[in-house]
Structure formats: structure tokens, C-alpha cells
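Below is data.cif, which holds mmCIF, C-alpha atoms.
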```cif
data_final
loop_
_atom_site.label_atom_id
_atom_site.label_comp_id
_atom_site.auth_asym_id
_atom_site.auth_seq_id
_atom_site.Cartn_x
_atom_site.Cartn_y
_atom_site.Cartn_z
CA MET K 230 55.65 148.52 225.32
CA SER K 231 55.04 145.96 222.56
CA GLY K 232 53.24 142.75 223.57
CA GLN K 233 52.55 144.05 227.06
CA LEU K 234 49.29 143.08 228.76
CA VAL K 235 47.75 145.98 230.69
CA PRO K 236 44.14 145.86 231.92
CA SER K 237 41.91 148.59 230.46
CA SER K 238 40.72 149.27 234.02
CA PRO K 239 43.50 148.72 236.59
CA ILE K 240 42.54 146.25 239.27
CA SER K 241 42.00 147.65 242.73
CA LEU K 242 43.87 145.80 245.44
CA THR K 243 41.17 146.29 248.01
CA GLY K 244 38.66 143.69 249.05
CA ALA K 245 38.98 140.29 247.39
CA SER K 246 42.44 140.75 245.88
CA ASN K 247 45.14 138.54 247.38
CA PRO K 248 48.76 137.56 246.63
CA TRP K 249 47.64 134.61 244.49
CA GLU K 250 45.55 136.88 242.26
CA ILE K 251 48.36 139.42 242.01
CA LYS K 252 50.83 136.73 240.96
CA ARG K 253 48.34 135.45 238.39
CA ILE K 254 48.15 138.94 236.86
CA LEU K 255 51.92 139.31 236.88
CA GLU K 256 52.27 135.90 235.27
CA ALA K 257 49.85 136.79 232.47
CA ALA K 258 51.58 140.11 231.76
CA LEU K 259 55.04 138.58 231.70
CA LEU K 260 54.08 135.58 229.58
CA THR K 261 52.44 137.75 226.93
CA SER K 262 55.12 140.45 226.81
CA GLN K 263 57.81 140.23 224.15
CA GLU K 264 60.13 142.46 226.14
CA PRO K 265 61.40 142.44 229.73
CA LEU K 266 59.11 144.41 232.04
CA PRO K 267 60.67 146.60 234.75
CA LEU K 268 58.94 147.16 238.08
CA SER K 269 57.82 150.60 236.93
CA GLU K 270 55.77 148.99 234.16
CA LEU K 271 54.44 146.16 236.31
CA LYS K 272 53.16 148.69 238.86
CA LYS K 273 50.84 150.05 236.18
CA LEU K 274 48.95 146.76 236.27
CA PHE K 275 47.72 147.71 239.73
CA ASN K 276 47.32 151.45 239.27
CA GLY K 277 50.46 152.05 241.32
CA GLU K 278 48.89 150.63 244.50
CA LEU K 279 51.68 148.10 245.03
CA SER K 280 55.13 149.15 246.20
CA ALA K 281 58.27 148.01 244.41
CA GLU K 282 59.22 145.99 247.49
CA VAL K 283 55.93 144.05 247.49
CA LEU K 284 56.13 143.46 243.75
CA ARG K 285 59.69 142.21 244.02
CA ARG K 286 58.72 139.77 246.77
CA LEU K 287 55.77 138.41 244.79
CA LEU K 288 57.92 138.08 241.67
CA GLU K 289 60.41 136.03 243.67
CA GLU K 290 57.55 133.80 244.80
CA LEU K 291 56.38 133.49 241.20
CA ARG K 292 59.90 132.54 240.19
CA GLN K 293 59.82 129.74 242.77
CA ASP K 294 56.40 128.62 241.52
CA TRP K 295 58.03 127.87 238.15
CA ASP K 296 60.94 125.87 239.60
CA GLY K 297 61.38 122.55 237.84
CA LYS K 298 59.46 123.60 234.73
CA GLY K 299 60.77 124.12 231.21
CA ILE K 300 60.31 127.88 231.48
CA GLU K 301 61.84 130.10 234.15
CA LEU K 302 61.27 133.65 235.36
CA VAL K 303 64.45 135.73 235.40
CA SER K 304 65.44 139.25 236.41
CA ILE K 305 67.75 140.98 233.94
CA ALA K 306 68.85 144.54 233.23
CA GLY K 307 65.67 145.44 231.36
CA GLY K 308 63.32 143.97 233.96
CA TRP K 309 61.59 140.61 234.44
CA ARG K 310 60.77 138.06 231.75
CA PHE K 311 60.05 134.39 231.15
CA HIS K 312 62.30 132.34 228.90
CA ALA K 313 63.01 128.71 228.16
CA ARG K 314 65.61 127.00 230.28
CA PRO K 315 68.90 126.32 228.43
CA GLU K 316 68.37 122.54 228.46
CA MET K 317 65.12 123.01 226.51
CA GLN K 318 66.76 124.77 223.58
CA GLU K 319 67.79 121.66 221.64
CA PHE K 320 64.15 120.52 221.59
CA LEU K 321 62.79 123.95 220.65
CA ASP K 322 65.28 124.10 217.79
CA ARG K 323 63.58 121.07 216.25
CA LEU K 324 60.45 123.17 215.80
CA ASN K 325 62.26 126.29 214.63
CA PRO K 326 65.83 125.47 213.58
CA GLN K 327 68.08 128.50 213.80
CA LYS K 328 71.72 128.85 212.99
CA PRO K 329 73.41 130.78 215.79
CA PRO K 330 75.30 133.90 214.71
CA ARG K 331 79.01 133.30 214.28
CA TYR K 332 81.67 135.76 215.36
CA SER K 333 85.36 136.07 214.64
CA ARG K 334 88.00 136.59 217.27
CA ALA K 335 88.22 140.20 216.09
CA VAL K 336 84.54 140.81 216.84
CA LEU K 337 84.64 139.01 220.19
CA GLU K 338 87.85 140.73 221.27
CA THR K 339 86.52 144.16 220.29
CA LEU K 340 83.26 143.58 222.16
CA SER K 341 85.09 142.18 225.19
CA ILE K 342 87.38 145.22 225.40
CA ILE K 343 84.40 147.56 225.23
CA ALA K 344 82.49 145.53 227.84
CA TYR K 345 85.34 145.30 230.35
CA ARG K 346 87.03 148.68 229.81
CA GLN K 347 84.10 150.94 228.87
CA PRO K 348 83.92 153.65 227.91
CA VAL K 349 86.73 153.28 225.35
CA THR K 350 87.70 154.88 222.07
CA ARG K 351 88.61 153.08 218.90
CA GLY K 352 92.21 154.05 219.60
CA ASP K 353 92.01 152.37 223.04
CA ILE K 354 90.76 149.17 221.41
CA GLU K 355 93.56 149.22 218.85
CA GLU K 356 96.17 149.80 221.54
CA ILE K 357 94.94 146.83 223.57
CA ARG K 358 94.51 144.48 220.59
CA GLY K 359 97.70 145.61 218.88
CA VAL K 360 96.03 145.83 215.46
CA ALA K 361 93.82 148.32 213.64
CA VAL K 362 90.08 147.90 214.23
CA SER K 363 87.96 147.59 211.10
CA GLY K 364 85.13 150.10 211.05
CA SER K 365 82.81 147.34 209.85
CA VAL K 366 83.38 145.47 213.13
CA LEU K 367 82.14 148.44 215.14
CA LYS K 368 79.24 148.98 212.74
CA ALA K 369 78.18 145.34 213.08
CA LEU K 370 78.17 145.60 216.88
CA GLU K 371 76.22 148.85 216.71
CA SER K 372 73.70 147.33 214.28
CA ARG K 373 73.22 144.40 216.63
CA GLY K 374 72.43 146.91 219.37
CA TRP K 375 75.24 145.77 221.66
CA ILE K 376 77.37 148.93 221.68
CA THR K 377 76.66 152.63 221.28
CA THR K 378 78.46 155.97 221.37
CA VAL K 379 78.10 157.54 224.81
CA GLY K 380 80.18 160.66 224.30
CA HIS K 381 83.52 161.93 223.06
CA ARG K 382 86.89 162.11 224.77
CA ASP K 383 88.06 165.67 225.35
CA VAL K 384 91.28 165.38 223.36
CA PRO K 385 92.24 166.57 219.87
CA GLY K 386 89.92 164.97 217.33
CA ARG K 387 87.32 164.23 220.03
CA PRO K 388 87.18 160.47 219.36
CA ALA K 389 83.90 158.68 220.10
CA LEU K 390 83.58 156.75 223.36
CA TYR K 391 81.93 153.33 223.07
CA ALA K 392 80.04 151.41 225.76
CA THR K 393 77.69 148.44 225.89
CA THR K 394 73.91 148.83 225.90
CA LEU K 395 70.93 147.60 227.88
CA ASN K 396 70.14 145.32 224.94
CA PHE K 397 73.59 143.72 225.35
CA LEU K 398 72.81 142.87 228.97
CA ASN K 399 69.32 141.60 228.09
CA ASP K 400 70.65 139.31 225.35
CA LEU K 401 73.18 137.86 227.79
CA ASN K 402 70.54 137.51 230.54
CA LEU K 403 72.51 139.77 232.87
CA ARG K 404 71.28 142.34 235.37
CA SER K 405 74.40 144.48 235.28
CA ILE K 406 77.84 144.65 233.70
CA GLU K 407 79.30 143.37 236.99
CA GLU K 408 77.79 139.94 236.22
CA LEU K 409 79.99 139.43 233.16
CA PRO K 410 82.24 136.37 233.46
CA SER K 411 85.89 136.89 234.19
CA LEU K 412 88.28 137.50 231.31
CA GLU K 413 89.79 134.06 231.97
CA GLU K 414 86.39 132.40 231.54
CA LEU K 415 85.67 134.36 228.38
CA GLY K 416 89.04 133.48 226.85
CA SER K 417 88.50 129.78 227.45
CA LEU K 418 85.32 129.85 225.37
CA ILE K 419 86.88 131.25 222.19
CA GLU K 420 88.19 128.88 219.54
CA PRO K 421 91.99 128.99 219.18
CA GLU K 422 91.84 129.52 215.42
CA GLY K 423 90.38 132.48 213.52
CA ALA K 424 86.87 132.52 212.14
CA MET K 425 84.70 134.27 209.62
CA GLU K 426 84.14 137.80 210.74
CA VAL K 427 80.65 139.26 211.13
CA THR K 428 81.34 142.70 209.75
CA SER K 429 78.42 143.67 207.57
CA GLY K 430 76.13 146.46 208.61
CA GLN K 431 73.31 143.91 208.72
CA ALA K 432 73.92 142.12 211.99
CA PRO K 433 72.35 138.71 212.68
CA ALA K 434 68.96 138.74 214.32
CA ALA K 435 68.85 138.50 218.09
CA PRO K 436 67.40 135.33 219.62
CA ALA K 437 63.77 135.49 220.69
CA ASN K 438 63.30 136.38 224.34
CA SER K 439 60.91 133.52 224.93
CA THR K 440 63.46 130.88 223.96
CA GLY K 441 66.69 132.48 225.07
CA SER K 442 69.19 129.86 226.16
CA GLY K 443 71.89 131.97 227.70
CA PRO K 444 74.67 134.30 226.63
CA PRO K 445 74.80 134.22 222.80
CA LEU K 446 78.30 135.68 222.74
CA LEU K 447 79.87 133.31 225.20
CA GLN K 448 79.18 130.05 223.38
CA ALA K 449 82.29 128.74 221.67
CA SER K 450 80.20 126.81 219.14
CA GLN K 451 79.17 130.13 217.62
CA VAL K 452 82.67 130.82 216.34
CA SER K 453 83.04 129.22 212.92
CA GLU K 454 86.20 127.53 211.73
CA VAL K 455 86.68 129.05 208.30
CA PRO K 456 89.68 131.32 207.62
CA GLN K 457 89.43 134.73 209.20
CA VAL K 458 88.98 137.80 207.01
CA SER K 459 92.00 140.00 207.63
CA GLU K 460 91.39 143.40 209.14
CA GLN K 461 92.48 146.36 207.06
CA PRO K 462 93.06 149.74 208.69
CA ASP K 463 90.51 152.36 207.73
CA ALA K 464 91.53 155.74 206.44
CA GLN K 465 90.62 157.27 209.79
CA SER K 466 91.21 155.78 213.20
CA SER K 467 90.68 157.56 216.49
#
```
Please re-express this file's structure in C-alpha cells.
Amino acid sequence: MSGQLVPSSPISLTGASNPWEIKRILEAALLTSQEPLPLSELKKLFNGELSAEVLRRLLEELRQDWDGKGIELVSIAGGWRFHARPEMQEFLDRLNPQKPPRYSRAVLETLSIIAYRQPVTRGDIEEIRGVAVSGSVLKALESRGWITTVGHRDVPGRPALYATTLNFLNDLNLRSIEELPSLEELGSLIEPEGAMEVTSGQAPAAPANSTGSGPPLLQASQVSEVPQVSEQPDAQSS
């Protein structure tokens, strides 16, 4: 896994090793990894001599060790990782200003339907939204790595079934789809007027793990206030 720190010779947990040393190793691995590390990967640091239960307990202690600091240790769908606390983001942006990706209501509504009703077909999405779904909207979400095809419905035409991905959960700092906010909460965070639609195949870059400040989709400020590009039905719609 990219950026992961793994000792060339796994440390034996016999003799002088103690919980403090183990947490120090975990801390080093997590701080230098660019991706979340699941327990299965962290066990490799110790040649598999630590059980998942022990590792989980020590990770919880490490999380507490970082309480009150600008960086926190979190457990998400992809594993464990450090990232900056949300209140630190405005200061970090002064070093590396980034414009957050902006999404139209069409993109947010399509993603929300997939997230809450998955797996769904394009036809399901159109039935719920009441309008045709632009193929470029689905392509943009696929390019971003937030949705993927997980199969086909066994009906004439065998339309593709869409569902959210592990990357979607990681970007939103969630452990599972059950942690998504309620539909009422999501609706309250979307601007009442339409916005420019992110529909190109080149989706905006995902925020860096080390400075993630929370769910990128659920921030109302990321919906721009320019007129919305109208959706045109494609030639084919499942």
C-alpha cells in the first residue's frame, strides 16, 4: 500500500516490547501512510503476533493520546488514519488554498438516491427524481470513485445496478453506509437554487487524507450559485 511504513524485519513482541512501543510503531505507520490502514495491514507490522482485539484496544488508546491536538486518529471504512480536525482546515488552506468541488442539485440528488437506495438502476433514479438522468452525471460520479456498477438487474435490457464505493465512505469519513446522515439533514444542506453541474468525465480531485475536514459532499458551501445546466435525456436510458 502506497506510503505505508512496514519494518524490513517485523518486531517481535517478546521481551522488551510493551504497549507504549507498540503504539509508537502504530503511530509512525499511520502518520506516514497516505491511505487508511485496516487491521489486517497493521498486523503485518508485528508479524501477525498481535490479535485484532489487542490492536483495536491500543488504537483506541492512541486515539485518546491525540485528544485536544490539531490532528485526530479516526476509524473509517478503509481502516485507521490520521487527519486534521475540521477546525484546522481554514488555517491549512492558507498554506495550500484549494477551491472545494462544486456540485449541482442534479449531482447531489443522484448520488443521494444511490447512497440511500442502493443498488439502483438509472431507471430507478429517474423514477425517483422525476427527470431523465444525464449520462455525464453518472460518469462524473464514477470518475470521482464514489459509485460503481455492482451488477445488472435480471429484467429485459439488464440495466446496470449502481452502488457507492469504499472510496465514497473514506472521503466522507464514515465507517459504513449506516452512518450517513438522515435524508432530512442532507436536504437542509443543499442550496435552494440550482448550481453549475459537475458533469465532465474529469471529476475534481479528492481532498488529501491528511487534511480532510469532513464530508465533502455534505457542505452547502460547495454548491455554487450560477444557473444550472439543464439535463437532456440521453438516447438510451435504463
Query raised in the report: atom CA of Arg314 of chain K to atom CA of Lys298 of chain K: how many Å, to one decimal?
Result: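 One can read the atom CA of Arg314 of chain K to atom CA of Lys298 of chain K distance as 8.3 Å.
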Query raised in the report: Using all atoms listed in the file, what residues lie at most 12 Å away from (72.0, 135.4, 234.1) (file coordinates), given as a VMD selection string?
Result: chain K and resid 301 to 306 309 to 310 312 314 to 315 398 to 410 441 to 445
Report task. In Å, rounded to a single decimal, give me how far atom CA of Arg286 of chain K is from atom CA of Leu271 of chain K. Result ->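 These two atoms are separated by 13.0 Å.
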Do you know which residues are at most 10 Å from Glu290 of chain K counting only C-alpha atoms, after dropping those on the same chain fewer than 6 positions away, and could you put them as a compact mmCIF listing (two decimals) with C-alpha atoms, keeping the file's coordinate frame?
```
# COMPACT_ATOMS: atom_id res chain seq x y z
CA PRO K 248 48.76 137.56 246.63
CA TRP K 249 47.64 134.61 244.49
CA LYS K 252 50.83 136.73 240.96
CA LEU K 284 56.13 143.46 243.75
```
Query - Shell of 12 Å around Tyr391 of chain K, only C-alpha atoms, local chain residues under 5 positions omitted, as a list of chain:residue names - result: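 In the requested form, the answer reads K:Thr339, K:Leu340, K:Ser341, K:Ile342, K:Ile343, K:Ala344, K:Tyr345, K:Arg346, K:Gln347, K:Pro348, K:Val349, K:Thr350, K:Arg351, K:Gly352, K:Asp353, K:Ile354, K:Leu367, K:Lys368, K:Leu370, K:Glu371, K:Trp375, K:Ile376, K:Thr377, K:Thr378, K:Val379, K:Gly380, K:His381, K:Arg382, K:Ser467.
The space between atom CA of Leu287 of chain K and atom CA of Lys273 of chain K spans 15.3 Å.
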Query raised in the report: Of the residues K:Gln318, K:Gly308, K:Arg334, K:Glu355, which is the one nearest to Glu264 of chain K, using only C-alpha atoms?
Result: K:Gly308
Requested in this report: Please check which residues have atoms at most 10 Å from (50.3, 139.1, 236.1) in the file's coordinates, counting all atoms listed in the file, and write them as number ranges by chain.
Outcome: K: 234-235, 249-261, 271, 274-275, 288, 291
Query raised in the report: In terms of the shortest atom-to-atom distance over all atoms listed in the file, which of K:Leu395, K:Ala389, K:Val336, K:Leu268 is closest to Glu282 of chain K?
Result: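 Residue with the minimum atom-to-atom distance to Glu282 of chain K: K:Leu268.
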